[in-house]
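Structure first, then comments.
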Amino acid sequence: MVLSGVFIFPHGSLILNPTKKGVSKSVKTLNHKMIEIAGNIKNLDPNLCILITPHGISLSHDYGFYVNETAKGTAEWEGDYAEYKTQISLDIKRTNELYQKLQEKKLPLSTITAFTSSVNAPLRWGEVVPLYFLEKISMKYIIFSLPTRRYSQIKNMTFELLQIGDSLRDFAKKSSEKVIIIISADLAHTHDKNGPYGFSEKAEEFDQIIEKWVKEGGQEDILLDQASSILDEALVCGFAGFIIVQGILKKTQLRSNFYLRAHPTYYGMMIASFM
């Protein structure tokens, strides 16, 4: 089965409620586009979704696979958005198959069991926000968590992340099911001087570079040279996920689709796909 699509989705909880007082007009645009793309995904009729999250249960060094039977949580962020909930079924069989495939490449991996496998693994905004838009699609999930060393060692992780992308592509191609991959990711976090990370003029420059990367079909030098060179100023939670996408794109004929980019708060958001 050919990989049905790779999607880059934002995970800022504010896009869940475009009518909330005080949010910018771009929140409404982001919300409507997410609903539209979710409809497109439903038409693909996927059986399995691999969700890659930078804000899940993160280990310090290893990449982690959730191996609970189900996962459940809310999009709560700073005491708000707790009313947005989701619950999903995890495909443990497929998770273990992918775990074994990545082990062949000697990557640092662990499985994560929250409490015990028969209860829900906890989810928060990094997973619930993109999943909330997909709640009407009947499919199982694999959740893949990125390690916390992505904050300080992201450039040293590049080769690993490219290998992960390569393995994900091959896994999806050899699957008997229709597979989609979702990268939960936001852009630069330094758009606002009043935000927690302050302001940098590199924030908008970084987001523009990532938009260019998508529009030009995922050219490696744009991501790994141009974007990477200002990463320390831009501060980006999604960069590891973008490198995984870069690994997926090798040996494929996936067409890039750029839908929307905005920064309705101190961090940027983007919706894009490769299909």
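Identifiers in the structure tokens: chain A, B, ... in order shown; residue index from 1 per chain; ligand index from 1 in order shown.
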Would you please extract all strand (DSSP E) residues from stretch 9-139 of chain A, as assigned by DSSP on the backbone, and give them as an NGL selection string? :A and (9 or 48-53 or 63-66 or 70-74 or 85-89 or 109-112 or 120-123)
Find the residues around stretch 209-215 of chain A up to 7 Å (only C-alpha atoms counted), leave out those fewer than 6 positions away in its own chain, and share them as a ChimeraX atom specification. /A:222-223,227,256-258
Could you dump the residues just selected with C-alpha atoms as a JSON list (two decimals), in the first residue's frame?
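Written file, again12.json:
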```
[["chain", "number", "residue", "atom", "x", "y", "z"],
["A", 222, "ILE", "CA", 16.21, 24.64, 2.57],
["A", 223, "LEU", "CA", 15.40, 22.75, 5.76],
["A", 227, "ALA", "CA", 16.16, 26.87, 8.46],
["A", 256, "SER", "CA", 3.62, 19.04, -1.56],
["A", 257, "ASN", "CA", 0.58, 21.14, -0.64],
["A", 258, "PHE", "CA", 0.89, 24.36, 1.35]]
```
Surrounding residues of stretch 71-86 of chain A excluding itself and chain neighbours under 5 positions, 9 Å, only C-alpha atoms, as a list of chain:residue names: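 Listing them by chain and then by number gives A:His11, A:Gly12, A:Ser13, A:Leu14, A:Leu16, A:Asn17, A:Tyr66, A:Val119, A:Asn120, A:Ala121, A:Pro122, A:Leu123, A:Arg124, A:Trp125, A:Gly126, A:Glu127, A:Val128, A:Val129, A:Leu131, A:Tyr132, A:Glu135.
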DSSP on the backbone: which residues in stretch 74-142 of chain A end up as alpha helix (DSSP H)? Give the answer as a VMD selection string. chain A and resid 92 to 103 125 to 132
Please tabulate, as a tab-separated table, the residues of stretch 73-96 of chain A that come within 10 Å of stretch 44-58 of chain A, each with its closest pair of atoms and the distance in Å to one decimal, counting only C-alpha atoms and ordering rows by chain, then residue number upward.
```
residue	atom	partner	partner_atom	distance
A:Leu90	CA	A:Leu48	CA	9.3
A:Asp91	CA	A:Leu48	CA	8.0
A:Arg94	CA	A:Leu48	CA	8.9
A:Thr95	CA	A:Ile50	CA	9.1
```
Only N, CA and C atoms, please: the residues just picked out, written as a compact mmCIF listing (two decimals), in the first residue's frame.
```
# COMPACT_ATOMS: atom_id res chain seq x y z
N LEU A 90 -5.16 2.43 20.13
CA LEU A 90 -3.80 2.26 19.63
C LEU A 90 -3.62 0.86 19.05
N ASP A 91 -2.92 0.78 17.94
CA ASP A 91 -2.68 -0.50 17.28
C ASP A 91 -1.36 -1.06 17.80
N ARG A 94 0.78 -3.25 15.23
CA ARG A 94 1.53 -2.44 14.28
C ARG A 94 2.62 -1.62 14.96
N THR A 95 2.35 -1.17 16.17
CA THR A 95 3.36 -0.43 16.93
C THR A 95 4.60 -1.28 17.14
```
With only C-alpha atoms as the counted atoms, please give the residues lying no more than 10 Å from stretch 184-190 of chain A, apart from itself and same-chain residues fewer than 2 positions off, as a PyMOL selection string. chain A and resi 7-12+51-55+125-131+181-182+192-208+210+231-242+261-263+265-271
Create the file for the chosen residues now, containing C-alpha atoms and written as a PDB file, in the first residue's frame.
```
ATOM      1  CA  PHE A   7       0.313  15.989   7.152  1.00  0.00           C
ATOM      2  CA  ILE A   8       1.860  18.779   9.208  1.00  0.00           C
ATOM      3  CA  PHE A   9      -0.711  20.046  11.703  1.00  0.00           C
ATOM      4  CA  PRO A  10      -0.432  22.737  14.411  1.00  0.00           C
ATOM      5  CA  HIS A  11      -1.216  21.920  18.022  1.00  0.00           C
ATOM      6  CA  GLY A  12      -2.085  25.271  19.571  1.00  0.00           C
ATOM      7  CA  LEU A  51       1.089  10.489  15.040  1.00  0.00           C
ATOM      8  CA  ILE A  52       4.464  12.029  15.857  1.00  0.00           C
ATOM      9  CA  THR A  53       4.328  14.338  18.863  1.00  0.00           C
ATOM     10  CA  PRO A  54       6.909  16.634  20.484  1.00  0.00           C
ATOM     11  CA  HIS A  55       4.772  17.165  23.592  1.00  0.00           C
ATOM     12  CA  TRP A 125      -2.580  19.428  23.511  1.00  0.00           C
ATOM     13  CA  GLY A 126       0.272  18.069  21.376  1.00  0.00           C
ATOM     14  CA  GLU A 127      -1.891  15.087  20.468  1.00  0.00           C
ATOM     15  CA  VAL A 128      -5.468  16.155  21.215  1.00  0.00           C
ATOM     16  CA  VAL A 129      -5.510  19.283  19.034  1.00  0.00           C
ATOM     17  CA  PRO A 130      -4.770  17.511  15.725  1.00  0.00           C
ATOM     18  CA  LEU A 131      -6.733  14.408  16.780  1.00  0.00           C
ATOM     19  CA  ILE A 181       1.415  10.147   9.034  1.00  0.00           C
ATOM     20  CA  ILE A 182       0.685  13.275  11.074  1.00  0.00           C
ATOM     21  CA  ASP A 192       6.010  38.275  20.459  1.00  0.00           C
ATOM     22  CA  LYS A 193       8.133  40.273  22.889  1.00  0.00           C
ATOM     23  CA  ASN A 194       5.513  39.590  25.562  1.00  0.00           C
ATOM     24  CA  GLY A 195       5.589  35.843  24.958  1.00  0.00           C
ATOM     25  CA  PRO A 196       7.516  33.437  27.203  1.00  0.00           C
ATOM     26  CA  TYR A 197      10.490  33.305  24.820  1.00  0.00           C
ATOM     27  CA  GLY A 198      10.671  36.950  23.834  1.00  0.00           C
ATOM     28  CA  PHE A 199      10.974  38.385  20.336  1.00  0.00           C
ATOM     29  CA  SER A 200      13.416  37.611  17.549  1.00  0.00           C
ATOM     30  CA  GLU A 201      13.393  38.983  14.032  1.00  0.00           C
ATOM     31  CA  LYS A 202      14.422  35.470  12.989  1.00  0.00           C
ATOM     32  CA  ALA A 203      10.963  34.116  13.884  1.00  0.00           C
ATOM     33  CA  GLU A 204       9.224  35.386  10.750  1.00  0.00           C
ATOM     34  CA  GLU A 205      12.270  34.570   8.650  1.00  0.00           C
ATOM     35  CA  PHE A 206      12.233  30.971   9.907  1.00  0.00           C
ATOM     36  CA  ASP A 207       8.520  30.546   9.236  1.00  0.00           C
ATOM     37  CA  GLN A 208       8.960  31.909   5.721  1.00  0.00           C
ATOM     38  CA  ILE A 210       9.580  26.517   6.208  1.00  0.00           C
ATOM     39  CA  LEU A 231      16.924  27.606  14.812  1.00  0.00           C
ATOM     40  CA  ASP A 232      18.502  28.876  18.033  1.00  0.00           C
ATOM     41  CA  GLU A 233      16.879  32.286  17.586  1.00  0.00           C
ATOM     42  CA  ALA A 234      13.522  31.051  16.289  1.00  0.00           C
ATOM     43  CA  LEU A 235      12.977  28.303  18.910  1.00  0.00           C
ATOM     44  CA  VAL A 236      10.801  25.710  17.172  1.00  0.00           C
ATOM     45  CA  CYS A 237       9.033  22.707  18.680  1.00  0.00           C
ATOM     46  CA  GLY A 238       8.317  21.167  15.274  1.00  0.00           C
ATOM     47  CA  PHE A 239      11.769  21.012  13.725  1.00  0.00           C
ATOM     48  CA  ALA A 240      12.451  17.364  14.607  1.00  0.00           C
ATOM     49  CA  GLY A 241       9.186  16.418  12.944  1.00  0.00           C
ATOM     50  CA  PHE A 242      10.131  18.348   9.817  1.00  0.00           C
ATOM     51  CA  ARG A 261       0.585  29.803   7.786  1.00  0.00           C
ATOM     52  CA  ALA A 262      -0.080  32.314  10.568  1.00  0.00           C
ATOM     53  CA  HIS A 263       1.101  33.379  14.022  1.00  0.00           C
ATOM     54  CA  THR A 265       0.011  34.142  19.197  1.00  0.00           C
ATOM     55  CA  TYR A 266       3.716  34.127  20.115  1.00  0.00           C
ATOM     56  CA  TYR A 267       4.325  31.014  17.988  1.00  0.00           C
ATOM     57  CA  GLY A 268       3.706  30.325  14.325  1.00  0.00           C
ATOM     58  CA  MET A 269       1.427  27.629  12.924  1.00  0.00           C
ATOM     59  CA  MET A 270       1.298  25.907   9.556  1.00  0.00           C
ATOM     60  CA  ILE A 271      -0.961  23.435   7.767  1.00  0.00           C
TER      61      ILE A 271
END
```
Please provide as a list of chain:residue names all residues within 6 Å of A:Gly64, with the sequence filter that same-chain residues fewer than 5 positions apart are discarded (counting only C-alpha atoms). A:Leu109, A:Ser110, A:Thr111, A:Phe144, A:Ser145
